[in-house]
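The data block below is input18.cif; it holds mmCIF, C-alpha atoms and all ligand atoms.
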data_run
loop_
_atom_site.label_atom_id
_atom_site.label_comp_id
_atom_site.auth_asym_id
_atom_site.auth_seq_id
_atom_site.Cartn_x
_atom_site.Cartn_y
_atom_site.Cartn_z
CA MET A 4 0.00 0.00 0.00
CA LYS A 5 0.93 3.66 -0.40
CA VAL A 6 0.60 5.11 3.08
CA LEU A 7 0.75 8.65 4.46
CA VAL A 8 1.68 9.19 8.10
CA THR A 9 0.95 12.70 9.34
CA GLY A 10 3.09 13.52 12.35
CA GLY A 11 5.42 10.77 11.12
CA ALA A 12 8.54 12.59 12.35
CA GLY A 13 7.11 12.53 15.87
CA PHE A 14 7.51 9.91 18.56
CA ILE A 15 4.67 7.45 17.83
CA GLY A 16 4.59 8.37 14.13
CA ARG A 17 8.16 7.19 13.51
CA TRP A 18 7.29 3.79 15.02
CA VAL A 19 4.29 3.57 12.70
CA VAL A 20 6.54 4.38 9.73
CA LYS A 21 9.03 1.73 10.86
CA ARG A 22 6.29 -0.89 11.08
CA LEU A 23 4.91 0.05 7.65
CA LEU A 24 8.34 -0.33 6.04
CA GLN A 25 8.83 -3.68 7.81
CA GLU A 26 5.51 -4.85 6.38
CA GLY A 27 6.59 -3.86 2.86
CA HIS A 28 4.44 -0.75 2.41
CA GLU A 29 5.55 2.54 0.88
CA ALA A 30 5.52 5.42 3.37
CA TRP A 31 5.25 9.20 3.10
CA VAL A 32 5.57 11.53 6.10
CA LEU A 33 3.91 14.92 6.50
CA ASP A 34 5.20 16.83 9.52
CA ASN A 35 5.93 20.50 10.18
CA LEU A 36 8.53 19.55 12.84
CA ASP A 37 6.67 21.61 15.44
CA ASN A 38 7.47 18.85 17.93
CA GLY A 39 8.99 16.19 15.66
CA ARG A 40 12.58 15.81 14.48
CA GLU A 41 14.22 14.63 11.26
CA PHE A 42 16.51 12.62 13.56
CA ASN A 43 13.50 10.36 14.33
CA ILE A 44 13.24 9.25 10.68
CA GLU A 45 16.94 9.29 9.80
CA GLU A 46 17.23 5.49 9.85
CA PHE A 47 14.61 5.21 7.08
CA ARG A 48 16.52 7.38 4.60
CA GLY A 49 17.91 5.17 1.86
CA ASN A 50 15.12 2.60 2.24
CA PRO A 51 13.42 2.63 -1.19
CA LEU A 52 10.04 2.11 0.50
CA PHE A 53 10.50 5.35 2.44
CA ARG A 54 9.29 7.65 -0.31
CA GLU A 55 9.29 11.19 1.00
CA PHE A 56 9.42 13.46 4.01
CA VAL A 57 7.27 16.52 3.34
CA LYS A 58 7.87 19.38 5.77
CA GLY A 59 4.42 20.90 5.85
CA ASP A 60 1.44 21.85 7.95
CA VAL A 61 -1.82 19.88 8.16
CA VAL A 62 -3.58 23.19 8.74
CA SER A 63 -2.70 24.20 5.16
CA GLU A 64 -5.48 22.90 2.94
CA ASP A 65 -3.28 23.47 -0.08
CA THR A 66 -0.39 21.36 1.31
CA VAL A 67 -2.72 18.51 2.30
CA PHE A 68 -4.71 18.47 -0.95
CA ARG A 69 -1.60 18.58 -3.12
CA LEU A 70 0.02 15.75 -1.18
CA PHE A 71 -3.06 13.53 -1.50
CA GLU A 72 -2.60 13.67 -5.27
CA GLU A 73 0.02 10.92 -4.70
CA GLY A 74 -2.96 8.54 -4.54
CA PHE A 75 -2.54 7.01 -1.08
CA ASP A 76 -4.37 3.84 -0.04
CA LEU A 77 -4.28 4.65 3.66
CA CYS A 78 -3.52 7.55 6.01
CA PHE A 79 -2.51 7.44 9.68
CA HIS A 80 -3.36 10.86 11.10
CA LEU A 81 -1.14 11.52 14.09
CA ALA A 82 -0.13 15.17 13.56
CA ALA A 83 -1.40 17.07 16.58
CA GLN A 84 -0.65 19.66 19.19
CA ILE A 85 -0.11 17.20 22.07
CA ASN A 86 0.83 19.35 25.04
CA VAL A 87 -1.91 19.68 27.68
CA HIS A 88 -0.22 22.64 29.43
CA GLU A 89 0.33 24.48 26.14
CA SER A 90 -3.30 23.89 25.15
CA LEU A 91 -4.48 25.55 28.37
CA GLU A 92 -2.26 28.54 27.60
CA ASN A 93 -2.95 28.66 23.85
CA PRO A 94 -6.28 26.91 23.10
CA GLN A 95 -6.35 28.37 19.58
CA LYS A 96 -3.34 26.32 18.50
CA ALA A 97 -4.94 23.09 19.79
CA TYR A 98 -8.13 23.97 17.93
CA LYS A 99 -6.37 24.83 14.67
CA VAL A 100 -3.99 21.87 14.51
CA ASN A 101 -6.22 19.21 16.04
CA VAL A 102 -9.61 20.20 14.62
CA LEU A 103 -8.91 22.14 11.40
CA GLY A 104 -5.94 19.90 10.58
CA THR A 105 -8.13 16.82 10.96
CA TYR A 106 -10.85 18.44 8.86
CA ASN A 107 -8.34 18.95 6.02
CA ILE A 108 -7.21 15.33 6.20
CA LEU A 109 -10.80 14.05 6.24
CA GLU A 110 -11.80 16.25 3.29
CA ALA A 111 -8.79 15.16 1.23
CA ALA A 112 -9.51 11.51 2.11
CA ARG A 113 -13.22 11.88 1.30
CA LYS A 114 -12.48 13.07 -2.23
CA ARG A 115 -10.54 9.85 -2.87
CA GLY A 116 -12.23 7.38 -0.46
CA ILE A 117 -9.03 6.77 1.53
CA LYS A 118 -9.12 4.96 4.87
CA ILE A 119 -8.09 7.03 7.89
CA VAL A 120 -6.64 5.71 11.14
CA LEU A 121 -7.26 8.63 13.50
CA LEU A 122 -5.32 9.01 16.72
CA GLY A 123 -7.57 9.85 19.63
CA THR A 124 -6.41 9.80 23.23
CA CYS A 125 -7.29 8.35 26.63
CA MET A 126 -7.31 11.95 27.93
CA VAL A 127 -10.91 12.31 26.70
CA TYR A 128 -12.31 9.96 29.37
CA ASP A 129 -14.01 10.98 32.59
CA PRO A 130 -11.74 9.28 35.12
CA ALA A 131 -14.10 9.87 38.03
CA SER A 132 -17.02 8.08 36.55
CA GLY A 133 -17.93 4.44 36.02
CA ASP A 134 -15.75 1.39 36.25
CA TYR A 135 -12.19 1.06 37.38
CA ARG A 136 -11.09 -0.07 33.91
CA ILE A 137 -11.85 2.33 31.09
CA SER A 138 -13.53 0.81 28.06
CA GLU A 139 -14.65 2.67 24.93
CA THR A 140 -18.19 3.09 26.37
CA HIS A 141 -16.86 4.96 29.41
CA PRO A 142 -18.23 8.54 29.65
CA VAL A 143 -16.05 11.31 28.24
CA LYS A 144 -15.16 14.57 29.97
CA PRO A 145 -12.38 16.50 28.24
CA ALA A 146 -10.58 18.57 30.88
CA SER A 147 -8.25 20.57 28.60
CA PRO A 148 -8.41 22.12 25.12
CA TYR A 149 -6.02 19.31 24.09
CA ALA A 150 -8.58 16.66 25.08
CA GLY A 151 -11.50 18.78 23.81
CA SER A 152 -9.94 19.32 20.40
CA LYS A 153 -8.98 15.65 20.06
CA LEU A 154 -12.57 14.65 20.89
CA ALA A 155 -13.91 17.19 18.39
CA ALA A 156 -11.60 15.65 15.76
CA GLU A 157 -12.95 12.20 16.62
CA ASN A 158 -16.54 13.43 16.31
CA LEU A 159 -15.78 14.95 12.94
CA ALA A 160 -14.21 11.70 11.78
CA GLU A 161 -17.23 9.71 12.98
CA SER A 162 -19.49 12.07 11.05
CA TYR A 163 -17.48 11.35 7.88
CA PHE A 164 -17.97 7.63 8.49
CA HIS A 165 -21.74 7.92 9.08
CA GLY A 166 -22.39 10.80 6.68
CA PHE A 167 -20.14 9.87 3.74
CA GLY A 168 -19.23 6.24 4.39
CA LEU A 169 -15.54 7.18 4.71
CA PRO A 170 -13.64 4.26 6.25
CA VAL A 171 -12.35 5.62 9.56
CA VAL A 172 -11.11 3.88 12.68
CA ILE A 173 -10.45 5.84 15.87
CA CYS A 174 -7.63 4.61 18.06
CA ARG A 175 -7.23 5.77 21.65
CA PRO A 176 -3.86 4.68 23.01
CA PHE A 177 -3.19 5.25 26.71
CA ASN A 178 0.04 6.98 27.76
CA THR A 179 2.68 5.77 25.35
CA TYR A 180 6.42 5.76 26.06
CA GLY A 181 9.65 4.41 24.64
CA PRO A 182 12.73 5.31 22.58
CA PHE A 183 12.50 8.55 20.55
CA GLN A 184 10.07 10.19 22.95
CA LYS A 185 11.33 13.59 24.04
CA SER A 186 12.53 14.00 27.59
CA ASN A 187 11.74 17.70 27.89
CA MET A 188 8.32 19.06 28.93
CA GLU A 189 6.79 18.05 25.56
CA GLY A 190 7.91 14.52 26.30
CA GLY A 191 6.61 11.72 28.40
CA VAL A 192 7.03 10.98 32.08
CA VAL A 193 9.09 7.81 31.57
CA SER A 194 11.69 9.54 29.34
CA ILE A 195 11.81 12.57 31.63
CA PHE A 196 12.42 10.41 34.73
CA ILE A 197 15.07 8.30 32.96
CA GLU A 198 16.97 11.29 31.60
CA ARG A 199 16.99 13.06 34.97
CA THR A 200 18.14 9.84 36.68
CA LEU A 201 20.99 9.43 34.19
CA LYS A 202 22.04 13.04 34.85
CA GLY A 203 21.87 12.49 38.64
CA GLU A 204 19.06 15.05 38.97
CA ASP A 205 16.01 14.93 41.25
CA LEU A 206 12.75 13.61 39.80
CA LEU A 207 9.92 16.14 40.10
CA VAL A 208 6.51 14.63 40.75
CA PHE A 209 3.41 16.79 40.39
CA GLY A 210 1.06 16.83 43.39
CA ASP A 211 1.24 13.84 45.76
CA GLY A 212 2.15 11.39 42.97
CA THR A 213 -0.81 9.10 43.65
CA GLN A 214 -2.21 9.84 40.18
CA THR A 215 -1.83 6.70 38.08
CA ARG A 216 -1.06 6.01 34.42
CA ASP A 217 -1.45 2.98 32.19
CA LEU A 218 1.80 2.95 30.19
CA LEU A 219 1.96 1.45 26.72
CA TYR A 220 5.29 0.69 25.01
CA ALA A 221 5.79 2.43 21.64
CA GLU A 222 6.11 -0.70 19.49
CA ASP A 223 3.00 -2.18 21.09
CA CYS A 224 1.23 1.08 20.22
CA ALA A 225 2.44 0.89 16.59
CA ASP A 226 1.31 -2.75 16.43
CA PHE A 227 -2.15 -1.69 17.66
CA LEU A 228 -2.39 1.09 15.06
CA TYR A 229 -1.18 -1.16 12.24
CA LYS A 230 -3.66 -3.90 13.17
CA ALA A 231 -6.46 -1.33 13.35
CA ALA A 232 -5.56 -0.25 9.80
CA VAL A 233 -5.60 -3.70 8.23
CA ALA A 234 -8.20 -5.62 10.28
CA PRO A 235 -11.55 -6.14 8.57
CA GLY A 236 -14.80 -4.88 10.11
CA VAL A 237 -13.44 -2.05 12.27
CA ASP A 238 -14.55 0.97 10.24
CA GLY A 239 -16.51 3.41 12.40
CA GLU A 240 -15.18 1.82 15.59
CA ILE A 241 -13.37 3.39 18.55
CA LEU A 242 -10.65 1.20 20.05
CA ASN A 243 -8.58 1.53 23.24
CA ALA A 244 -5.07 0.19 23.79
CA GLY A 245 -3.01 0.12 26.95
CA LEU A 246 -1.13 -2.23 29.20
CA GLY A 247 -4.28 -2.94 31.23
CA MET A 248 -2.61 -2.04 34.53
CA ASP A 249 -1.70 1.26 36.12
CA ILE A 250 1.09 2.59 38.28
CA PRO A 251 1.09 5.64 40.60
CA ILE A 252 3.56 8.24 39.31
CA LYS A 253 5.48 8.23 42.62
CA ASP A 254 5.99 4.44 42.27
CA LEU A 255 7.10 4.91 38.67
CA ALA A 256 9.64 7.50 39.85
CA LEU A 257 11.02 5.04 42.42
CA LYS A 258 11.12 2.22 39.86
CA VAL A 259 13.18 4.41 37.51
CA CYS A 260 15.62 6.01 39.98
CA GLY A 261 15.62 3.50 42.88
CA ASP A 262 16.14 6.24 45.47
CA LYS A 263 13.31 7.86 47.45
CA GLY A 264 15.63 10.75 48.33
CA LYS A 265 15.75 11.79 44.67
CA ILE A 266 11.98 12.24 44.41
CA LYS A 267 10.63 15.76 45.02
CA PHE A 268 6.93 16.61 45.09
CA VAL A 269 6.02 19.91 43.42
CA PRO A 270 2.68 21.72 42.97
CA HIS A 271 0.83 20.89 39.78
CA HIS A 272 0.69 23.68 37.14
CA HIS A 273 -2.89 22.81 36.19
CA PRO A 274 -4.40 20.56 38.89
CA GLN A 275 -7.87 20.90 37.30
CA SER A 276 -6.63 18.97 34.26
CA GLU A 277 -4.85 16.22 36.16
CA ILE A 278 -6.39 12.79 35.69
CA LYS A 279 -6.33 10.83 38.92
CA LYS A 280 -6.55 7.26 37.66
CA LEU A 281 -6.18 5.75 34.20
CA VAL A 282 -6.41 2.03 33.48
CA CYS A 283 -7.23 0.71 30.04
CA ASP A 284 -9.74 -2.00 29.23
CA PHE A 285 -8.42 -3.22 25.86
CA SER A 286 -10.75 -6.20 25.50
CA LYS A 287 -12.40 -4.70 22.41
CA ALA A 288 -9.05 -4.39 20.58
CA LYS A 289 -8.17 -7.91 21.71
CA LYS A 290 -11.42 -9.24 20.27
CA MET A 291 -11.55 -7.21 17.05
CA LEU A 292 -7.82 -7.00 16.21
CA GLY A 293 -6.31 -9.93 18.06
CA TRP A 294 -4.10 -7.28 19.70
CA ARG A 295 -2.53 -7.36 23.14
CA PRO A 296 0.53 -5.61 24.59
CA LEU A 297 3.72 -7.70 24.48
CA VAL A 298 6.20 -5.49 26.36
CA SER A 299 5.97 -5.29 30.16
CA LEU A 300 6.56 -2.00 31.97
CA ASP A 301 9.90 -3.23 33.36
CA GLU A 302 11.10 -4.35 29.93
CA GLY A 303 9.91 -1.13 28.31
CA ILE A 304 11.67 1.05 30.89
CA GLU A 305 14.92 -0.85 30.33
CA LEU A 306 14.63 -0.55 26.52
CA THR A 307 14.01 3.18 26.91
CA ARG A 308 16.84 3.60 29.42
CA LYS A 309 19.29 1.86 27.06
CA TRP A 310 18.22 4.05 24.17
CA ILE A 311 18.48 7.32 26.11
CA ALA A 312 21.84 6.33 27.59
CA GLY A 313 23.19 5.25 24.21
CA SER A 314 22.04 8.16 22.13
CA ALA A 315 24.39 11.14 22.26
CA LYS A 316 22.07 13.17 20.03
CA ASN A 317 19.27 12.42 22.38
CA SER A 318 20.87 14.05 25.38
CA SER A 319 21.17 17.34 23.47
CA ARG A 320 17.38 17.88 23.63
N1 LIG B 401 2.23 9.97 23.42
C1 LIG B 401 1.13 9.54 23.99
O1 LIG B 401 1.13 9.10 25.12
C2 LIG B 401 -0.19 9.57 23.22
C3 LIG B 401 -1.28 8.90 23.78
C4 LIG B 401 -2.50 8.93 23.09
C5 LIG B 401 -2.59 9.56 21.88
N2 LIG B 401 -1.51 10.20 21.35
C6 LIG B 401 -1.67 10.85 20.03
O2 LIG B 401 -0.72 10.28 19.17
C7 LIG B 401 -0.31 11.25 18.21
C8 LIG B 401 1.21 11.34 18.21
O3 LIG B 401 1.63 11.75 19.49
P1 LIG B 401 3.18 11.73 19.92
O4 LIG B 401 3.25 11.42 21.35
O5 LIG B 401 3.94 10.93 18.96
O6 LIG B 401 3.52 13.27 19.78
P2 LIG B 401 4.59 14.04 18.87
O7 LIG B 401 4.47 15.48 19.21
O8 LIG B 401 5.92 13.40 19.00
O9 LIG B 401 4.01 13.76 17.43
C9 LIG B 401 3.13 14.66 16.78
C10 LIG B 401 3.81 15.10 15.50
O10 LIG B 401 2.92 15.98 14.82
C11 LIG B 401 3.70 17.03 14.28
N3 LIG B 401 2.83 18.19 14.10
C12 LIG B 401 2.33 19.02 15.04
N4 LIG B 401 1.58 19.97 14.47
C13 LIG B 401 1.60 19.75 13.14
C14 LIG B 401 1.03 20.40 12.02
N5 LIG B 401 0.27 21.50 12.19
N6 LIG B 401 1.27 19.92 10.78
C15 LIG B 401 2.04 18.82 10.61
N7 LIG B 401 2.62 18.15 11.64
C16 LIG B 401 2.40 18.61 12.88
C17 LIG B 401 4.79 17.28 15.29
O11 LIG B 401 5.91 17.96 14.73
C18 LIG B 401 5.11 15.87 15.74
O12 LIG B 401 6.13 15.32 14.97
C19 LIG B 401 -1.01 12.53 18.57
O13 LIG B 401 -2.16 12.63 17.75
C20 LIG B 401 -1.41 12.34 20.02
O14 LIG B 401 -2.56 13.09 20.34
C21 LIG B 401 -0.31 10.23 22.00
#
I need this file expressed as structure tokens, please.
Ligand SMILES: NC(=O)c1ccc[n+]([C@@H]2O[C@H](COP(=O)([O-])OP(=O)(O)OC[C@H]3O[C@@H](n4cnc5c(N)ncnc54)[C@H](O)[C@@H]3O)[C@@H](O)[C@H]2O)c1
Amino acid sequence: MKVLVTGGAGFIGRWVVKRLLQEGHEAWVLDNLDNGREFNIEEFRGNPLFREFVKGDVVSEDTVFRLFEEGFDLCFHLAAQINVHESLENPQKAYKVNVLGTYNILEAARKRGIKIVLLGTCMVYDPASGDYRISETHPVKPASPYAGSKLAAENLAESYFHGFGLPVVICRPFNTYGPFQKSNMEGGVVSIFIERTLKGEDLLVFGDGTQTRDLLYAEDCADFLYKAAVAPGVDGEILNAGLGMDIPIKDLALKVCGDKGKIKFVPHHHPQSEIKKLVCDFSKAKKMLGWRPLVSLDEGIELTRKWIAGSAKNSSR
């Protein structure tokens, strides 16, 4: 297949590109490098299946429409403004990139009947309501413009499925981590904790650290997205993926650094947008895609630690 990955120079996107190339598909990347890096896709250069990196913005209708003239068979839409804090400070950017950008992708896909795998997020769920494990039928309550704009994008995509019959599948991974994730504030908690540990710095935990996360390893996430793209009978569906178990952030900090004295508790910037407990129920993805996570949290942390320690370029972020 000819496949476009928007946000393909980002953390999860580059793992999707890697998987596509491994499966023998041709891949194109559209990314404006707002949070991505060419370094993330460097290893694909020279692979004849890696067709092109287009530095461009999904908010530009012209860029998106021109690129779709390539005649793709499939598009993974990952390009997004992903930072919760930034979205609370600049909601307009979250709206433009996450809603208008998705609209452009859907419109371009509609003209050619191209399947879209849309990245949603677990941040849309109402953590205080319902069962302990969060399934796709769990109530939603977006608590930041990031979550609100991602949910709006999902709704738009669903309307293209129901209204135009566009094949769309909505994937909601839980917190994803692994090699190539940034370890600055746009990054993820696992990479941040590992990098600070390697530098001998204290680990800063927001609030009392009892908030929990369900952490999904990057290649398991890419496997989930790939399976959602190729499995039959999933158009119009919403699917969750996670490890299926959670860990309090203070326990994660201790697991990474092994020293309670290195953990410092600091006030949360935006406590109103903090999610207290997140645990994924992935039974729908297991049933419909035959997917389950293969990498344990301990294994994933070690793989990430090795990558951060071994990558000189990485430490310059
Ligand atoms: N990381 C997670 O834990 C997680 C969990 C659930 C869902 N997601 C979703 O997965 C997707 C990828 O997230 P990620 O963690 O890899 O983040 P990321 O920031 O590394 O990837 C997003 C990519 O999109 C690019 N981008 C941003 N704005 C753009 C624009 N206007 N035009 C073109 N490209 C643009 C960025 O440069 C970046 O490379 C996002 O849609 C995010 O909402 C992430």
* Could you tell me how far CA of Tyr220 (chain A) lies from CA of Glu198 (chain A), in Å and to one decimal? => 17.1 Å
As a short mmCIF file (atom, residue, chain, number, x, y, z; two decimals) with C-alpha atoms, in the coordinates of the input, please: the residues near Val193 (chain A) (cut-off 8 Å, only C-alpha atoms, same-chain neighbours under 4 positions excluded).
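Here's the written file part17.cif:
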data_model
loop_
_atom_site.label_atom_id
_atom_site.label_comp_id
_atom_site.auth_asym_id
_atom_site.auth_seq_id
_atom_site.Cartn_x
_atom_site.Cartn_y
_atom_site.Cartn_z
CA TYR A 180 6.42 5.76 26.06
CA GLY A 181 9.65 4.41 24.64
CA ILE A 197 15.07 8.30 32.96
CA LEU A 255 7.10 4.91 38.67
CA VAL A 259 13.18 4.41 37.51
CA ILE A 304 11.67 1.05 30.89
#
* To do: Kindly extract all protein, DNA and RNA residues lying within 6 Å of the coordinates (-13.7, 4.3, 15.1) given in the file, considering only C-alpha atoms, and supply them as a list of chain:residue names.
  => A:Val171, A:Val172, A:Ile173, A:Asp238, A:Gly239, A:Glu240, A:Ile241
* Rounded to one decimal in Å, what is the spacing between CA of Thr307 (chain A) and CA of Asp262 (chain A)? ->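 Taking CA of Thr307 (chain A) and CA of Asp262 (chain A), their separation equals 18.9 Å.
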* Expected answer as a PyMOL selection string: all residues with atoms within 6 Å of (7.1, -1.0, 23.6), all atoms listed in the file -> chain A and resi 220-223+298+303
